[in-house]
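**Student:** Below is the structure I would like to discuss, written out as structure tokens.
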Amino acid sequence: MQHRIVVLGAGYTGAAAAGRLARRLRPEDAAITLVNAEPDFVERVRMHQLAVGQNLKSRPFSEMFAGTGVEVKLAKVTGVDVERKTVTVTAVAANGAEEREEELSYDTLVYALGSGWNSQGVPGTTEYAHEIASRPGALRLRERLARLDAGAPVVVVGGGLTGVEAATEIAEARPDLDVALAAHGGLGDWLSPKGSRHLRRVFDRLGITVHEHAAVTSVAADHVTVADGTSVPAAVTVWTTGFAVHPIARATTLDVTGTGQIVVDGTMRSVSHPDVYAIGDAGLAMGPGDKPLRMSCASGTPMAWQAADAIAARLTGGKLPNVTLRYFNQCISLGRREGLIQYVTADDRAVRAALTGRLAAVYKEVICKGAAWSVANPTLGIPTRRRRVVREPARAAATVRTPA
């Protein structure tokens with residue numbers, strides 16, 4: 001009988017893991033099911049572009065995984081029972097309507113449900129702020145920005161990578177708007193001196209007002225309030241202060257952190273349930289210097305590769321991967337014409353070297369296109385080494401059940 005592998009979530013990490021597993025295992029030995037609520041791949045690193053009116057290339061999963069042996073199931077995950085080894089899903093029709101509920105049984109689970117925006121519990125955020133951590137959120141912001149009159153104030157809250165990219169993209173696409181960024185710390189204070197100087201030059205050129213050391217304490221329909229009581233006008237507030245993981249894992253008996261991330265070992269396997277692997281933002285993995293990997297595509301993709309190779313090795317009796325996950329650079333787009341590539345140490349600390357300007361923008365675009373291409377072509381670019389499954393853990397009783 002086939003070993004049943006269920007992958008939850010088809011973002012960068014889930015899609016990459018499913019495709020890599022299909023390349024590693026014989027289809028007659030392993031049944032791979034990829035569960036996702038949307039029918040096509042979302043380039044999350046481009047949501048700031050979508051928000052300002054740019055159109056992104058469509059990549060339907062039905063085309064991406066055609067002929068790979070991966071079954072794509074269009075469904076919303078509503079629950080995971082790691083004791084019974086089942087996943088509860090609600091099927092989604094092509095028109096987006098929810099259909100009947102099902103249970104999928106698995107022998108190995110790859111949990112890649114990712115994360116969404118994090119309101120940080122700041123009053124008024126969920127009512128009045130916009131997020132760009134998802135496609136629906138980016139499209140709502142797109143519609144709102146399109147309705148703004150010239151001179152309207154837009155405040156981006158959050159001085160990290162997402163906030164910097166959002167602020168510069170909006171300011172470049174809509175130079176008629178009054179764009180500001182509110183940062184908890186200093187602008188680009190995590191960058192090298194060269195990187196920080198370039199970031200400030202670009203902000204100055206685009207006319208972006210920067211409120212540094214200005215933690216936002218509340219959001220209203222027409223303004224935000226910062227810690228010192230200052231009110232900053234905002235016809236639109238864009239909230240980019242980090243990510244919160246999907247809540248389903250916290251409701252299970254998996255060993256999770258206080259933030260809901262699944263604790264994993266070096267092969268991305270749950271430390272409490274060895275038949276569960278967690279990758280991307282959903283997993284807490286340690287990198288160089290025993291530091292947790294940050295939530296990012298730069299962390300998630302190698303986590304997916306590590307998990308897929310480890311699963312294949314354990315099933316086929318092969319050698320477990322022993323690759324240390326590390327960082328090389330931070331790629332930041334500053335609109336369509338400028339970029340910043342900050343080179344970093346293995347544990348993600350900035351070094352002196354940085355690439356700036358148009359060449360950096362091209363570099364970032366190549367990275368984004370390469371990441372999307374690898375997802376859209378899941379079984380290309382990897383040597384074919386399909387092996388037989390030689391051992392298999394105990395199976396659950398049923399494959400698919402429909403609850404009464």
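All residue names refer to the structure tokens as shown: chains lettered A, B, ... in order, residues numbered from 1 in each chain, ligands numbered from 1 in order.
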Show me, as an NGL selection string, the residues that have an atom within 12 Å of A:Ala249 when counting only C-alpha atoms, minus same-chain residues fewer than 6 positions from it.
**Tutor:** :A and (8 or 77-82 or 87 or 110-115 or 255-263 or 270 or 276-278 or 281-283)
**Student:** If we count only C-alpha atoms and set the cut-off at 9 Å, which residues sit around stretch 198-202 of chain A, ignoring sequence neighbours fewer than 2 positions away in its own chain? Please answer as number ranges by chain.
**Tutor:** A: 164, 168, 187-188, 193-196, 204-208, 334, 338-340, 356-357
**Student:** So that I can see what lies close to stretch 301-310 of chain A, please list as a list in words the residues with an atom at most 6 Å from it, counting only C-alpha atoms and leaving out residues fewer than 6 positions away in the same chain.
**Tutor:**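 Surrounding residues, per the criterion: Thr13, Ala17, Leu21, Thr267, Met268, Ile279 and Leu320 of chain A.
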**Student:** Quick check for you: according to DSSP on this backbone, which residues of stretch 157-196 of chain A are classed as strand (DSSP E)? Reply as a list of chain:residue names.
**Tutor:**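 Those in stretch 157-196 of chain A that DSSP calls strand (DSSP E) are A:Val157, A:Asp178, A:Val179, A:Ala180, A:Leu181, A:Ala182.
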**Student:** Skip A:Ala227 itself and residues of its chain fewer than 4 positions away, then list as a ChimeraX atom specification all residues within 9 Å of it, counting only C-alpha atoms.
**Tutor:** /A:213-218
**Student:** Take the residues that were just selected and, keeping N, CA and C atoms, output them as a PDB file, in the first residue's frame.
**Tutor:**
ATOM      1  N   HIS A 213      11.422  55.700  16.035  1.00  0.00           N
ATOM      2  CA  HIS A 213      11.198  55.469  17.466  1.00  0.00           C
ATOM      3  C   HIS A 213       9.781  55.911  17.832  1.00  0.00           C
ATOM      4  N   ALA A 214       8.853  55.505  16.982  1.00  0.00           N
ATOM      5  CA  ALA A 214       7.459  55.945  17.118  1.00  0.00           C
ATOM      6  C   ALA A 214       6.543  54.726  17.066  1.00  0.00           C
ATOM      7  N   ALA A 215       6.471  54.002  18.165  1.00  0.00           N
ATOM      8  CA  ALA A 215       5.585  52.846  18.239  1.00  0.00           C
ATOM      9  C   ALA A 215       4.142  53.310  18.183  1.00  0.00           C
ATOM     10  N   VAL A 216       3.365  52.712  17.296  1.00  0.00           N
ATOM     11  CA  VAL A 216       1.962  53.086  17.161  1.00  0.00           C
ATOM     12  C   VAL A 216       1.154  52.386  18.263  1.00  0.00           C
ATOM     13  N   THR A 217       0.378  53.163  19.005  1.00  0.00           N
ATOM     14  CA  THR A 217      -0.390  52.627  20.136  1.00  0.00           C
ATOM     15  C   THR A 217      -1.877  52.486  19.839  1.00  0.00           C
ATOM     16  N   SER A 218      -2.354  53.122  18.782  1.00  0.00           N
ATOM     17  CA  SER A 218      -3.760  52.950  18.391  1.00  0.00           C
ATOM     18  C   SER A 218      -3.936  53.412  16.957  1.00  0.00           C
TER      19      SER A 218
END
**Student:** Select, from A:Ala376, A:Val390, A:Leu104, A:Val42, the residue with the minimum atom-to-atom distance to A:Ala16, counting only C-alpha atoms.
**Tutor:**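 Ranked by minimum distance to A:Ala16, first place goes to A:Ala376.
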**Student:** Taking into account only C-alpha atoms, which residue in the set A:Ala235, A:Gly160, A:Ala138, A:Val70 is nearest to A:Leu177?
**Tutor:** A:Ala235
**Student:** Please determine, counting only C-alpha atoms, which residue among A:Thr108, A:Ser374, A:Gln49, A:Thr240 has the shortest atom-to-atom distance to A:Ser333.
**Tutor:**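 Residue with the minimum atom-to-atom distance to A:Ser333: A:Gln49.
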**Student:** As JSON, numbers by chain, please: the residues near A:Arg140 (cut-off 12 Å, only C-alpha atoms, same-chain neighbours under 4 positions excluded).
**Tutor:** {"A": [47, 48, 50, 51, 52, 53, 129, 130, 131, 132, 133, 134, 135, 136, 144, 145, 146, 147, 236, 238]}
**Student:** Residues as selected, C-alpha atoms, written as a short mmCIF file (atom, residue, chain, number, x, y, z; two decimals), in the first residue's frame, can you do that?
**Tutor:**
data_model
loop_
_atom_site.label_atom_id
_atom_site.label_comp_id
_atom_site.auth_asym_id
_atom_site.auth_seq_id
_atom_site.Cartn_x
_atom_site.Cartn_y
_atom_site.Cartn_z
CA MET A 47 1.94 41.61 -2.34
CA HIS A 48 3.12 45.24 -2.10
CA LEU A 50 -0.25 43.87 -6.17
CA ALA A 51 -1.48 46.51 -3.72
CA VAL A 52 -0.39 49.39 -5.95
CA GLY A 53 -2.09 48.04 -9.07
CA ALA A 129 -5.73 49.03 9.18
CA HIS A 130 -4.94 47.19 5.94
CA GLU A 131 -2.65 44.17 5.67
CA ILE A 132 -0.58 42.86 2.78
CA ALA A 133 0.30 39.43 4.19
CA SER A 134 -2.34 37.85 1.95
CA ARG A 135 -3.71 38.32 -1.55
CA PRO A 136 -7.21 39.30 -0.35
CA ARG A 144 -8.69 51.63 -1.29
CA LEU A 145 -5.56 53.30 -2.66
CA ALA A 146 -7.19 53.67 -6.07
CA ARG A 147 -9.94 55.75 -4.48
CA VAL A 236 -5.09 54.70 4.91
CA VAL A 238 -0.97 49.78 6.25
#
**Student:** Just asking: which residues within stretch 273-399 of chain A are helix (DSSP H, G or I) according to DSSP, as a ChimeraX atom specification?
**Tutor:** /A:280-282,288-290,297-316,357-376
**Student:** Neighbours of A:Ala150 within 9 Å (only C-alpha atoms; same-chain residues fewer than 6 positions away dropped), as a VMD selection string?
**Tutor:** chain A and resid 174 to 178
**Student:** From the options A:Val366, A:Ala75, A:Val264, A:Ala31, which residue's atoms come nearest to A:Ser105, counting only C-alpha atoms?
**Tutor:**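 The answer is A:Ala31, which sits nearest to A:Ser105.
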**Student:** How many Å separate atom CA of A:Asn118 from atom CA of A:Val155?
**Tutor:** 16.7 Å
**Student:** Go through A:Arg4, A:Ala66, A:Lys57, A:Glu127 and flag the residue nearest A:Tyr106, using only C-alpha atoms for the distances.
**Tutor:**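 Counting only C-alpha atoms, the residue closest to A:Tyr106 is A:Arg4.
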**Student:** Considering only C-alpha atoms, state which residue in the set A:Ala167, A:Leu315, A:Ala298, A:Val375 is at the smallest distance from A:Arg26.
**Tutor:**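 Nearest candidate to A:Arg26 out of A:Ala167, A:Leu315, A:Ala298, A:Val375: A:Leu315.
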**Student:** Would you mind reading off the distance between atom CA of A:Thr33 and atom CA of A:Lys73, one decimal, in Å?
**Tutor:** 6.8 Å
**Student:** Interatomic distance between atom CA of A:Arg388 and atom CA of A:Gly317?
**Tutor:**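 Between atom CA of A:Arg388 and atom CA of A:Gly317 the gap is 9.1 Å.
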